[in-house]
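Chemist: Dropping the structure in here first, questions after.
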Amino acid sequence: MTTPSSGSGGDDHSPEHRPDDAQQVGPGDAGADKAAGQRFVLHKPGGEPVKTGRNLPVAIASGCLLGALVFFSVFPWPALFTIITSLGVLIGMRELNRAFASKGMDVAVAPLAVGGVAMQSAAYFGGPEWLLGTTALTAIAALVWRLRGGADGFVADTSASMFTLAYLPFLLATWMLLIAHPEDGQQRLVTFIVVTISSDIGGYFAGILLGRHKMAPVISPNKTWEGFGGSVLGCALAGALCVVLMLDGPWWVGVVLGLAVVLAATVGDLIESLFKRDLGIKDMGRFMPGHGGLMDRLDSLLIAGPVVWIVLSLLLP
């Protein structure tokens, strides 16, 4: 469902050789990355080898496998996709819980897990109204759950729980709003995934081959403006093709969609990078070989999901 890297011009992830699920940054990380080695090496136009930071063939293979799983759950019976997103909620919540726990914050996992799974079905079968109601009830349940812990750490714990609720199950449920569209929901979901992945692909290869000018060196040192340009071109082209060929809409809607997605995907990647830097971790986990944790791969997709739903709802109702 995703590519070797997210965002514009490479990322900071390197999942190999780290013992914990939420992997801490340490002085030995650079050496571990180097020792991991790569059997497949890209080269810049001048012949200089490109350091991708991961085993590229393994990353591509695991991404394609996950993409195939999504594809074959969407087209036989769209409601099956609620199972995929529900599993994503549970796996992602485990990673977020471990990340917050590294800073002493306690997430209300039980009510968030139950409510997060319910939100996926609510969005698919009931639409935005049911999703909003289920989200509100889950938030209340999480706050009540934390009352038993007393005043000490209440604000930090509930803030972590509300962040988890909004960032993971709520944003993930917007994917269900896409697929629940009565006429072409499956095609809308595929369009969303293809356009977002095209941002990742364009940004990744343009960044590692041509990247020179840093985009946000404090937040994510490997991102470049050249990579962002590759993301823009990839998204605009993929958006135009998907809208015309799959949604029977005008090409300019696809270009608008692509531009909206590239902004959302880049912001999503930067948000995830800043989140991990603040918590002092390198990767969220080791769920996908060559990719890191599930949350490492969902960063751009989570933010792009509601953006795609809004753009298509307004321009292709």
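Lettering and numbering for the structure tokens are positional, with chains as A, B, ... in the shown order, residues counted from 1 in each chain, and ligands counted from 1 in the shown order.
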Need to verify the contact set: segment 149-159 of chain A, 7 Å, only C-alpha atoms, exclusion of same-chain residues closer than 6 positions in sequence. Can you return it as a ChimeraX atom specification?
Modeler: /A:105-107,143
Chemist: Please list as JSON, numbers by chain every residue within 9 Å of segment 182-187 of chain A, counting only C-alpha atoms and excluding residues in the same chain fewer than 5 positions away.
Modeler: {"A": [74, 75, 78, 176, 177, 192, 242, 246, 247]}
Chemist: Between A:Phe205, A:Phe100, A:Trp225, A:Trp309, which has the minimum distance to Ala160 of chain A (counting only C-alpha atoms)?
Modeler: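 Checking each candidate against Ala160 of chain A, we get A:Phe100 as the closest.
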Chemist: Where does DSSP see strand (DSSP E) in segment 164-303 of chain A, if you list the residues as a list in words?
Modeler: Lys214, Met215, Ala216, Ser220, Pro221, Asn222, Lys223, Thr224, Ile281, Lys282 and Asp283 of chain A
Chemist: Closest to Val261 of chain A among A:Ala236, A:Ile91, A:Met162, A:Leu137, using only C-alpha atoms?
Modeler: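 The closest residue to Val261 of chain A is A:Ala236.
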Chemist: Have a look at atom CA of Ala139 of chain A and atom CA of Leu165 of chain A and let me know their distance in Å, one decimal.
Modeler: 7.3 Å
Chemist: Have a look at A:Ile310, A:Val262, A:Gly116, A:Gly126 and name the one nearest to Tyr167 of chain A; count only C-alpha atoms.
Modeler: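 Between A:Ile310, A:Val262, A:Gly116, A:Gly126, the residue approaching Tyr167 of chain A most closely is A:Gly116.
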Chemist: With distances taken over only C-alpha atoms, which residue among A:Leu294, A:Ala180, A:Ala265, A:Leu172 lies nearest Val232 of chain A?
Modeler: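 Of A:Leu294, A:Ala180, A:Ala265, A:Leu172, the one nearest Val232 of chain A is A:Ala265, counting only C-alpha atoms.
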Chemist: Could you name the residues that touch Leu87 of chain A at 12 Å or less, counting only C-alpha atoms, but leaving out those on the same chain fewer than 4 positions away, as an MDAnalysis selection string?
Modeler: chainID A and resid 70 80:83 91:94 113:114 116:118 120 168:169 172 294
Chemist: List the neighbours of Ala123 of chain A out to 7 Å using only C-alpha atoms; skip same-chain residues closer than 4 positions along the sequence, and give me the result as a list in words.
Modeler: Met119, Gly127, Pro128, Trp130, Leu131, Ala173, Met176 and Leu177 of chain A
Chemist: Find the residues of segment 99-171 of chain A that sit at most 8 Å from segment 277-284 of chain A; for each, write down the nearest two atoms and how far apart they are in Å, to one decimal. Count only C-alpha atoms. Sort by chain, then by number going up, and give it as JSON lines.
Modeler:
```
{"residue": "A:Ala99", "atom": "CA", "partner": "A:Met284", "partner_atom": "CA", "distance": 7.0}
{"residue": "A:Phe100", "atom": "CA", "partner": "A:Leu279", "partner_atom": "CA", "distance": 7.3}
{"residue": "A:Ser102", "atom": "CA", "partner": "A:Leu279", "partner_atom": "CA", "distance": 7.4}
{"residue": "A:Lys103", "atom": "CA", "partner": "A:Leu279", "partner_atom": "CA", "distance": 6.7}
```
Chemist: From segment 89-290 of chain A, collect each residue whose DSSP state is helix (DSSP H, G or I) and return the set as number ranges by chain.
Modeler: A: 89-101, 109-126, 128-149, 154-179, 185-210, 225-246, 251-279
